[in-house]
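Here the structure is laid out as structure tokens; the discussion comes afterwards.
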Amino acid sequence: MSEKILVLNPGSQSTKIAMYNGGERKWQKNIEHSIEELKKYPNVYDQTDMRYELIIKSVAENNDTLSDLSAVACRGGPVTVYKSGGYEVTDELIRLAREKPMSIHVSNAAMGIGKKIADSLGVKCYIYDGVTVDEMIPIVKVTGLKEMSRRGQGHTLNMRAAAIKLCEQNGWDYYAKNIAVAHLGGGITLSLHSNGVIIDMISDDEGPYSPERAGGLPGFQLINECFSGAYTEESMFKRIQRAGGLMAHLGVTDIREVEKRISDGDQKAKLVYEAMALNVAKNLAKLAVTVKGQIDSFVLTGGIAYSEYFCGMVIDYIQFLAPVSVLPGENEMDALAFGVARILKGEEKPNKFN
């Protein structure tokens, strides 16, 4: 990879930027934004100019220049349903992000920032493996209520990068393999990659519980909780999304603390932690059923994948079905850079947004 690519990944209170050149990350910076600063802007899209100026300043502070840039890569937020791979950022995609997004998230503003930089240089801006990639085949979307269907939403950027990396390491053709991936982080999502298409996914509201998420819950009991009068819609969403899983059972989200408690003899922590690992394994097995057990490899990735203890438990449960590889970390910046590099080199064609 000889192309020079600027990567942008904005978060709620930060903007991650990195410069890649010749297949290497030359530098990376995390620009912090105070809550007081962000309060000046009515919505995330109004932050475009502010974040743009800070990015330009950071490039100069790192003794770099944008004049020889080949492309800009930015995070694709929940704007629309995507196919996997890249999309050139167009004015219409930015308009949709502002006016009709699937949900409001700061990553939606990344496209406006990236395109502004790219247009000033006469190059193109791309998003890659957006949050709402959905290539699920029809049969896996059907549920027991006609009004509801399963949908693809998860840590696609990191999971697909891990699957591709595994194939590169083994000399495999990603477009000829079946690989099931679990992203293990604050939320846990899983995906099944079959011949280059993500034909099935398990989102963080239906799969394993995690440090923060409650995951899939018994339906009848959930209904009773929702109508108990103890919760509003907002408080129930918060409970499920941010106060479930390890937080609900143990009052912490840091797995290092959980593992310390276990080493100190805490049997409750041990049970809850082992149950989380079992849930990950069971959901990987569930994905394997979609391809009738013809899995070439399972992959564990994300921040929790750094834990040999946790991964060891998952592997112990699931390795009877297929080999398990561990590729730890949330390698979003690398995934964006390398994905756009493949587009620039003609190894992949960008999708078209209609």
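We label chains A, B, ... in the order they appear in the structure tokens, count residues from 1 in each chain, and number ligands from 1 in the order shown.
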**Message:** Using only C-alpha atoms, which protein or nucleic acid residues come within 12 Å of segment 168-173 of chain A? Drop anything in the same chain fewer than 2 positions from it, and give the result as a ChimeraX atom specification.
**Reply:** /A:161-166,175-179,193-196,296-297,325,327
**Request:** Would you please give, as an MDAnalysis selection string, all residues of segment 96-202 of chain A that DSSP assigns to helix (DSSP H, G or I) based on the backbone?
**Result:** chainID A and resid 96:99 106:121 138:141 156:170 174:176
**Prompt:** Using only C-alpha atoms, which of A:Val106, A:Ile94, A:Val140, A:Ala182 sits nearest Met159 of chain A?
**Reply:**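 Closest candidate: A:Ala182.
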**Exercise: segment 43-50 of chain A partners within 6 Å, only C-alpha atoms, chain neighbours under 3 positions left out, as a ChimeraX atom specification** = /A:53,106,109,113
Restricting it to N, CA and C atoms, dump the selection as a compact mmCIF listing (two decimals), in the first residue's frame.
```txt
# COMPACT_ATOMS: atom_id res chain seq x y z
N GLU A 53 -11.37 22.21 11.56
CA GLU A 53 -10.25 23.10 11.88
C GLU A 53 -9.24 22.43 12.80
N VAL A 106 -22.58 10.79 16.06
CA VAL A 106 -21.54 11.70 15.58
C VAL A 106 -20.80 11.13 14.38
N ALA A 109 -21.57 12.59 11.08
CA ALA A 109 -20.95 13.86 10.69
C ALA A 109 -19.57 13.66 10.08
N ILE A 113 -17.18 16.11 7.27
CA ILE A 113 -15.81 16.56 7.55
C ILE A 113 -14.85 16.01 6.50
```
Restrict the calculation to only C-alpha atoms, then for each residue of segment 119-151 of chain A with any atom at most 6 Å from an atom of segment 78-81 of chain A give the closest atom pair and their distance in Å to one decimal, rows by chain and rising residue number, as a tab-separated table.
```
residue	atom	partner	partner_atom	distance
A:Val131	CA	A:Pro78	CA	5.7
A:Thr132	CA	A:Val81	CA	5.4
A:Val133	CA	A:Val81	CA	5.8
```
Hey, can you spit out that residue selection with N, CA and C atoms as a short mmCIF file (atom, residue, chain, number, x, y, z; two decimals), in the first residue's frame?
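result-v8.cif written:
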```cif
data_model
loop_
_atom_site.label_atom_id
_atom_site.label_comp_id
_atom_site.auth_asym_id
_atom_site.auth_seq_id
_atom_site.Cartn_x
_atom_site.Cartn_y
_atom_site.Cartn_z
N VAL A 131 -21.61 1.04 10.15
CA VAL A 131 -22.23 0.38 11.31
C VAL A 131 -23.44 -0.46 10.90
N THR A 132 -24.20 0.00 9.91
CA THR A 132 -25.45 -0.67 9.55
C THR A 132 -25.31 -1.49 8.27
N VAL A 133 -24.17 -2.15 8.08
CA VAL A 133 -24.04 -3.11 6.98
C VAL A 133 -25.07 -4.22 7.21
#
```
**Item:** Selected residue of minimal separation from Val324 of chain A among A:Phe220, A:Ala180, A:Gly244, A:Ala277, counting only C-alpha atoms
**Value:** A:Ala180
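Minimum atom-to-atom distance to Met111 of chain A, evaluated using only C-alpha atoms, belongs to A:Val7 out of A:Ile255, A:Met247, A:Val7, A:Leu192.
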**Filtered DSSP result for segment 103-277 of chain A, state strand (DSSP E or B), as a PyMOL selection string** = chain A and resi 124-128+133+142+149+178-184+188-194+197-202
**Message:** Using only C-alpha atoms for the distances, tell me which of A:Ile318, A:Leu336, A:Ile202, A:Ile127 is nearest to Asn158 of chain A.
**Reply:**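 Comparing A:Ile318, A:Leu336, A:Ile202, A:Ile127 against Asn158 of chain A, the winner is A:Leu336.
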**Request:** Tell me which of A:Ala97, A:Met19, A:Ala73, A:Met136 sits closest to Thr290 of chain A, counting only C-alpha atoms.
**Result:** A:Met136
**Request:** Fewer than 5 positions away in the same chain doesn't count, so skip those; otherwise give me all residues within 8 Å of Phe310 of chain A, counting only C-alpha atoms, as a list in words.
**Result:**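 The filter keeps Tyr273, Glu274, Ala277, Ile304 and Ala305 of chain A.
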Once you have the residues from the selection above, write them out as a JSON list (two decimals), in the first residue's frame, restricted to C-alpha atoms.
```
[["chain", "number", "residue", "atom", "x", "y", "z"],
["A", 273, "TYR", "CA", -17.98, -14.25, 33.73],
["A", 274, "GLU", "CA", -18.03, -17.90, 32.67],
["A", 277, "ALA", "CA", -18.10, -16.77, 27.73],
["A", 304, "ILE", "CA", -11.83, -8.37, 25.58],
["A", 305, "ALA", "CA", -9.96, -10.65, 23.17]]
```
**Message:** Using only C-alpha atoms, which protein or nucleic acid residues come within 10 Å of Ala281 of chain A? Drop anything in the same chain fewer than 2 positions from it, and give the result as a PyMOL selection string.
**Reply:** chain A and resi 182+208+275-279+283-286+298+311+313-319
**Request:** Determine the nearest neighbour of Pro323 of chain A from the options A:Val123, A:Lys115, A:Gly216, A:Gln294, counting only C-alpha atoms.
**Result:** A:Gln294
**Message:** Taking 6 positions as the minimum chain separation for residues in the same chain, which residues sit within 12 Å of Glu24 of chain A when counting only C-alpha atoms? Answer as an NGL selection string.
**Reply:** :A and (1-6 or 18 or 333-334 or 337-338 or 341)
